[in-house]
>>> print(open('final15.pdb').read())   # PDB, C-alpha atoms
ATOM      1  CA  MET S  13    -416.613  74.531-158.807
ATOM      2  CA  GLN S  14    -416.233  74.987-155.057
ATOM      3  CA  HIS S  15    -419.077  76.666-153.210
ATOM      4  CA  GLU S  16    -418.646  79.179-150.402
ATOM      5  CA  SER S  17    -419.629  77.852-146.983
ATOM      6  CA  PHE S  18    -422.249  79.654-144.901
ATOM      7  CA  SER S  19    -420.144  78.926-141.815
ATOM      8  CA  ILE S  20    -417.648  81.539-143.059
ATOM      9  CA  LEU S  21    -420.394  84.195-143.021
ATOM     10  CA  LYS S  22    -422.219  83.081-139.874
ATOM     11  CA  ASP S  23    -420.551  85.433-137.366
ATOM     12  CA  GLU S  24    -420.764  88.427-139.722
ATOM     13  CA  VAL S  25    -424.437  87.669-140.405
ATOM     14  CA  ALA S  26    -425.246  87.350-136.693
ATOM     15  CA  THR S  27    -423.478  90.606-135.798
ATOM     16  CA  SER S  28    -424.976  92.585-138.675
ATOM     17  CA  VAL S  29    -428.543  91.335-138.163
ATOM     18  CA  ASN S  30    -428.330  91.807-134.397
ATOM     19  CA  LYS S  31    -427.383  95.477-134.921
ATOM     20  CA  LEU S  32    -430.112  95.959-137.518
ATOM     21  CA  VAL S  33    -432.859  94.453-135.320
ATOM     22  CA  ASN S  34    -431.768  96.239-132.144
ATOM     23  CA  SER S  35    -431.688  99.547-134.015
ATOM     24  CA  PHE S  36    -435.161  98.881-135.427
ATOM     25  CA  LEU S  37    -436.640  98.022-132.017
ATOM     26  CA  ALA S  38    -434.798 100.738-130.075
ATOM     27  CA  ASN S  39    -437.648 103.226-129.549
ATOM     28  CA  LYS S  40    -440.667 101.031-130.219
ATOM     29  CA  GLU S  41    -443.330  99.756-127.849
ATOM     30  CA  TYR S  42    -445.228  96.602-128.779
ATOM     31  CA  ASN S  43    -448.370  97.464-130.722
ATOM     32  CA  GLN S  44    -450.487  94.689-132.207
ATOM     33  CA  ASP S  45    -451.671  96.987-134.994
ATOM     34  CA  ASP S  46    -448.098  97.622-136.194
ATOM     35  CA  VAL S  47    -446.294  94.349-135.562
ATOM     36  CA  GLN S  48    -447.232  92.653-138.862
ATOM     37  CA  ASN S  49    -445.736  95.559-140.818
ATOM     38  CA  TRP S  50    -442.656  95.533-138.562
ATOM     39  CA  THR S  51    -441.952  91.842-139.198
ATOM     40  CA  ALA S  52    -442.392  92.280-142.956
ATOM     41  CA  SER S  53    -440.177  95.368-143.020
ATOM     42  CA  LEU S  54    -437.487  93.783-140.855
ATOM     43  CA  SER S  55    -437.436  90.608-142.959
ATOM     44  CA  GLU S  56    -437.038  92.616-146.178
ATOM     45  CA  ASP S  57    -434.280  94.790-144.674
ATOM     46  CA  ILE S  58    -432.435  91.705-143.450
ATOM     47  CA  VAL S  59    -432.578  90.011-146.868
ATOM     48  CA  LYS S  60    -431.245  93.179-148.538
ATOM     49  CA  ASN S  61    -428.428  93.284-145.986
ATOM     50  CA  LEU S  62    -427.594  89.603-146.558
ATOM     51  CA  LYS S  63    -427.552  89.971-150.353
ATOM     52  CA  GLY S  64    -424.938  92.691-149.856
ATOM     53  CA  MET S  65    -422.730  90.266-147.910
ATOM     54  CA  SER S  66    -422.761  87.449-150.449
ATOM     55  CA  THR S  67    -424.403  86.662-153.767
ATOM     56  CA  ASN S  68    -423.515  82.957-153.446
ATOM     57  CA  PHE S  69    -426.554  82.080-151.348
ATOM     58  CA  LYS S  70    -430.303  82.048-151.487
ATOM     59  CA  PHE S  71    -431.541  83.401-148.159
ATOM     60  CA  CYS S  72    -434.715  82.646-146.254
ATOM     61  CA  VAL S  73    -435.585  84.854-143.271
ATOM     62  CA  SER S  74    -438.321  84.370-140.709
ATOM     63  CA  CYS S  75    -439.063  87.039-138.131
ATOM     64  CA  VAL S  76    -441.262  86.656-135.057
ATOM     65  CA  ILE S  77    -442.117  89.495-132.694
ATOM     66  CA  LEU S  78    -443.640  88.461-129.393
ATOM     67  CA  GLN S  79    -445.021  90.768-126.731
ATOM     68  CA  LYS S  80    -443.318  90.293-123.365
ATOM     69  CA  GLY S  81    -445.509  88.577-120.834
ATOM     70  CA  ASP S  82    -446.089  85.233-119.192
ATOM     71  CA  ALA S  83    -446.576  83.211-122.387
ATOM     72  CA  GLY S  84    -444.083  80.525-123.324
ATOM     73  CA  MET S  85    -442.834  79.982-126.850
ATOM     74  CA  HIS S  86    -440.868  77.182-128.467
ATOM     75  CA  ILE S  87    -439.546  77.193-132.031
ATOM     76  CA  SER S  88    -437.850  74.365-133.860
ATOM     77  CA  THR S  89    -436.584  74.165-137.421
ATOM     78  CA  THR S  90    -434.947  71.455-139.460
ATOM     79  CA  CYS S  91    -433.551  71.416-142.967
ATOM     80  CA  TYR S  92    -432.387  68.876-145.505
ATOM     81  CA  TRP S  93    -429.382  70.414-147.199
ATOM     82  CA  ASP S  94    -425.651  70.204-147.802
ATOM     83  CA  SER S  95    -424.157  70.886-144.381
ATOM     84  CA  ASN S  96    -420.758  71.601-146.003
ATOM     85  CA  THR S  97    -422.053  74.760-147.707
ATOM     86  CA  ASP S  98    -425.489  75.633-146.301
ATOM     87  CA  GLY S  99    -426.310  76.871-142.824
ATOM     88  CA  SER S 100    -428.480  78.846-140.492
ATOM     89  CA  VAL S 101    -428.285  81.298-137.634
ATOM     90  CA  ALA S 102    -430.868  82.373-135.056
ATOM     91  CA  ILE S 103    -430.853  85.792-133.435
ATOM     92  CA  LYS S 104    -432.882  86.883-130.411
ATOM     93  CA  CYS S 105    -433.205  90.563-129.550
ATOM     94  CA  GLU S 106    -435.442  92.318-127.078
ATOM     95  CA  ASN S 107    -436.470  95.667-125.691
ATOM     96  CA  ASN S 108    -438.699  96.593-122.739
ATOM     97  CA  SER S 109    -441.928  95.385-124.350
ATOM     98  CA  MET S 110    -441.102  92.648-126.874
ATOM     99  CA  TYR S 111    -438.857  89.865-128.100
ATOM    100  CA  CYS S 112    -437.776  89.500-131.712
ATOM    101  CA  ILE S 113    -436.540  86.152-132.997
ATOM    102  CA  VAL S 114    -434.987  85.993-136.453
ATOM    103  CA  ASN S 115    -434.058  82.744-138.186
ATOM    104  CA  ILE S 116    -431.829  82.975-141.239
ATOM    105  CA  PHE S 117    -431.143  80.140-143.643
ATOM    106  CA  GLY S 118    -428.429  80.361-146.297
ATOM    107  CA  VAL S 119    -428.500  77.837-149.131
ATOM    108  CA  SER S 120    -425.581  77.806-151.552
ATOM    109  CA  PHE S 121    -426.221  77.997-155.310
TER
END
>>> encode(input="final15.pdb", output="C-alpha cells")
Amino acid sequence: MQHESFSILKDEVATSVNKLVNSFLANKEYNQDDVQNWTASLSEDIVKNLKGMSTNFKFCVSCVILQKGDAGMHISTTCYWDSNTDGSVAIKCENNSMYCIVNIFGVSF
C-alpha cells in the first residue's frame, strides 16, 4: 500500500492556514487575557481544516502568539519520521500588534 506524501499537500496547507490565521487576527489587538483562548481556538480550527484536506495523515499543530516588541524569539523543531511521506510546514502571520507562528506536522498512517 502506497502512502500519500505530505509534500503534495504542503502548498495547499500553507495557503489555507495562512488565510485562516490572517482572517482570525484581522481585527484583533494583542491582549494577554485572551491570547491563550486564541491559540487554542486557532489550533483546533486548523486541525479541522487539515482533516478536511486529507484523512491520510495524523496532524499536530502548535500555535504561538507573540506580542510585537523588542523581544527576540527562536524556535526549532526536529522529527524522526519517514521523510518520503511525512512532513511539516511553518507559517508566520502578523498584524499591527502581534506575530502568530504556526507549525504543522503531518504524519502518514
>>> closest_residue(input="final15.pdb", among="S:Gln48, S:Lys70, S:Asn39, S:Glu24", to="Phe121 in chain S", atoms="all atoms listed in the file")
S:Lys70
>>> closest_residue(input="final15.pdb", among="S:Thr67, S:Gln79, S:Ser74, S:Ser28", to="Asn43 in chain S", atoms="all atoms listed in the file")
S:Gln79
>>> residues_around(input="final15.pdb", residues="Met65 in chain S", least_positions_apart="4", cutoff="12 Å", atoms="all atoms listed in the file", output="CSV table (one decimal) with C-alpha atoms, keeping the file's coordinate frame")
chain,number,residue,atom,x,y,z
S,18,PHE,CA,-422.2,79.7,-144.9
S,20,ILE,CA,-417.6,81.5,-143.1
S,21,LEU,CA,-420.4,84.2,-143.0
S,22,LYS,CA,-422.2,83.1,-139.9
S,23,ASP,CA,-420.6,85.4,-137.4
S,24,GLU,CA,-420.8,88.4,-139.7
S,25,VAL,CA,-424.4,87.7,-140.4
S,26,ALA,CA,-425.2,87.4,-136.7
S,28,SER,CA,-425.0,92.6,-138.7
S,29,VAL,CA,-428.5,91.3,-138.2
S,58,ILE,CA,-432.4,91.7,-143.4
S,59,VAL,CA,-432.6,90.0,-146.9
S,60,LYS,CA,-431.2,93.2,-148.5
S,61,ASN,CA,-428.4,93.3,-146.0
S,69,PHE,CA,-426.6,82.1,-151.3
S,70,LYS,CA,-430.3,82.0,-151.5
S,71,PHE,CA,-431.5,83.4,-148.2
S,118,GLY,CA,-428.4,80.4,-146.3
>>> closest_residue(input="final15.pdb", among="S:Thr27, S:Gln44, S:Ser53, S:Ser17", to="Ile103 in chain S", atoms="only C-alpha atoms")
S:Thr27
>>> residues_near_point(input="final15.pdb", point="(-442.5, 95.7, -129.9)", cutoff="6 Å", atoms="all atoms listed in the file", output="list of chain:residue names")
S:Lys40, S:Glu41, S:Tyr42, S:Ser109, S:Met110
>>> resolve_selection(input="final15.pdb", expression="the PyMOL selection byres ((chain S and resi 72) around 6)", output="number ranges by chain")
S: 71, 73, 116-117
>>> axis_aligned_box(input="final15.pdb", around="range 66-73 of chain S", padding_each_side="6 Å", output="JSON")
{"center_x": -429.2, "center_y": 84.7, "center_z": -148.5, "size_x": 24.8, "size_y": 17.4, "size_z": 22.5}
>>> closest_residue(input="final15.pdb", among="S:Thr97, S:Asn107, S:Asn30, S:Ser66", to="Val119 in chain S", atoms="only C-alpha atoms")
S:Thr97
>>> closest_residue(input="final15.pdb", among="S:Val76, S:Gly84, S:Glu106, S:Leu32", to="Leu62 in chain S", atoms="all atoms listed in the file")
S:Leu32
>>> residues_around(input="final15.pdb", residues="Lys104 in chain S", least_positions_apart="2", cutoff="7 Å", atoms="all atoms listed in the file", output="list in words")
Ala102, Glu106, Cys112, Ile113 and Val114 of chain S
>>> atom_distance(input="final15.pdb", atom1="CA of Leu54 in chain S", atom2="CA of Asn34 in chain S")
10.7 Å
>>> atom_distance(input="final15.pdb", atom1="CA of Ser88 in chain S", atom2="CA of Cys75 in chain S")
13.4 Å
>>> closest_residue(input="final15.pdb", among="S:Tyr111, S:Ala83, S:Gly99, S:Ile77", to="Ala52 in chain S", atoms="only C-alpha atoms")
S:Ile77
>>> atom_distance(input="final15.pdb", atom1="CA of Ile87 in chain S", atom2="CA of Lys63 in chain S")
25.4 Å
>>> build_atoms(input="final15.pdb", residues="range 107-118 of chain S", atoms="all heavy atoms", output="tab-separated table (two decimals), in the coordinates of the input")
chain	number	residue	atom	x	y	z
S	107	ASN	N	-436.45	94.35	-126.34
S	107	ASN	CA	-436.47	95.67	-125.69
S	107	ASN	C	-437.39	95.54	-124.49
S	107	ASN	O	-437.70	94.43	-124.06
S	107	ASN	CB	-436.85	96.79	-126.67
S	107	ASN	CG	-438.29	96.72	-127.16
S	107	ASN	OD1	-439.12	96.01	-126.61
S	107	ASN	ND2	-438.59	97.48	-128.20
S	108	ASN	N	-437.87	96.65	-123.95
S	108	ASN	CA	-438.70	96.59	-122.74
S	108	ASN	C	-440.05	95.92	-122.93
S	108	ASN	O	-440.63	95.42	-121.97
S	108	ASN	CB	-438.93	98.01	-122.20
S	108	ASN	CG	-437.65	98.60	-121.65
S	108	ASN	OD1	-436.76	97.88	-121.23
S	108	ASN	ND2	-437.55	99.92	-121.66
S	109	SER	N	-440.56	95.88	-124.16
S	109	SER	CA	-441.93	95.38	-124.35
S	109	SER	C	-442.06	94.18	-125.27
S	109	SER	O	-443.14	93.61	-125.38
S	109	SER	CB	-442.82	96.51	-124.89
S	109	SER	OG	-442.44	96.87	-126.20
S	110	MET	N	-440.96	93.75	-125.92
S	110	MET	CA	-441.10	92.65	-126.87
S	110	MET	C	-439.79	91.91	-127.11
S	110	MET	O	-438.71	92.41	-126.84
S	110	MET	CB	-441.66	93.15	-128.20
S	110	MET	CG	-440.80	94.15	-128.92
S	110	MET	SD	-441.65	94.87	-130.35
S	110	MET	CE	-441.45	96.61	-129.99
S	111	TYR	N	-439.96	90.69	-127.63
S	111	TYR	CA	-438.86	89.86	-128.10
S	111	TYR	C	-438.95	89.79	-129.62
S	111	TYR	O	-440.05	89.78	-130.18
S	111	TYR	CB	-438.96	88.43	-127.58
S	111	TYR	CG	-438.92	88.30	-126.09
S	111	TYR	CD1	-440.09	88.08	-125.37
S	111	TYR	CD2	-437.72	88.39	-125.39
S	111	TYR	CE1	-440.07	87.95	-124.00
S	111	TYR	CE2	-437.68	88.26	-124.02
S	111	TYR	CZ	-438.86	88.04	-123.32
S	111	TYR	OH	-438.84	87.91	-121.95
S	112	CYS	N	-437.81	89.70	-130.27
S	112	CYS	CA	-437.78	89.50	-131.71
S	112	CYS	C	-436.83	88.34	-131.99
S	112	CYS	O	-435.67	88.36	-131.57
S	112	CYS	CB	-437.30	90.76	-132.43
S	112	CYS	SG	-437.27	90.58	-134.23
S	113	ILE	N	-437.34	87.33	-132.66
S	113	ILE	CA	-436.54	86.15	-133.00
S	113	ILE	C	-436.46	86.07	-134.52
S	113	ILE	O	-437.48	86.06	-135.20
S	113	ILE	CB	-437.16	84.87	-132.42
S	113	ILE	CG1	-437.24	84.99	-130.90
S	113	ILE	CG2	-436.36	83.65	-132.85
S	113	ILE	CD1	-438.29	84.17	-130.27
S	114	VAL	N	-435.23	86.05	-135.02
S	114	VAL	CA	-434.99	85.99	-136.45
S	114	VAL	C	-434.22	84.71	-136.76
S	114	VAL	O	-433.19	84.43	-136.15
S	114	VAL	CB	-434.17	87.22	-136.94
S	114	VAL	CG1	-433.86	87.10	-138.43
S	114	VAL	CG2	-434.92	88.51	-136.65
S	115	ASN	N	-434.75	83.93	-137.69
S	115	ASN	CA	-434.06	82.74	-138.19
S	115	ASN	C	-433.64	83.00	-139.63
S	115	ASN	O	-434.47	83.43	-140.44
S	115	ASN	CB	-434.96	81.51	-138.12
S	115	ASN	CG	-435.17	81.04	-136.70
S	115	ASN	OD1	-434.22	80.69	-136.03
S	115	ASN	ND2	-436.41	81.04	-136.25
S	116	ILE	N	-432.37	82.75	-139.90
S	116	ILE	CA	-431.83	82.98	-141.24
S	116	ILE	C	-431.28	81.67	-141.77
S	116	ILE	O	-430.52	80.98	-141.07
S	116	ILE	CB	-430.71	84.05	-141.20
S	116	ILE	CG1	-431.28	85.37	-140.69
S	116	ILE	CG2	-430.05	84.19	-142.56
S	116	ILE	CD1	-430.22	86.34	-140.26
S	117	PHE	N	-431.64	81.34	-142.98
S	117	PHE	CA	-431.14	80.14	-143.64
S	117	PHE	C	-430.42	80.58	-144.91
S	117	PHE	O	-430.95	81.35	-145.70
S	117	PHE	CB	-432.30	79.21	-144.00
S	117	PHE	CG	-433.13	78.83	-142.80
S	117	PHE	CD1	-434.23	79.59	-142.43
S	117	PHE	CD2	-432.78	77.75	-142.02
S	117	PHE	CE1	-434.98	79.27	-141.32
S	117	PHE	CE2	-433.52	77.43	-140.90
S	117	PHE	CZ	-434.63	78.18	-140.54
S	118	GLY	N	-429.20	80.08	-145.10
S	118	GLY	CA	-428.43	80.36	-146.30
S	118	GLY	C	-428.17	79.08	-147.06
S	118	GLY	O	-427.57	78.14	-146.52
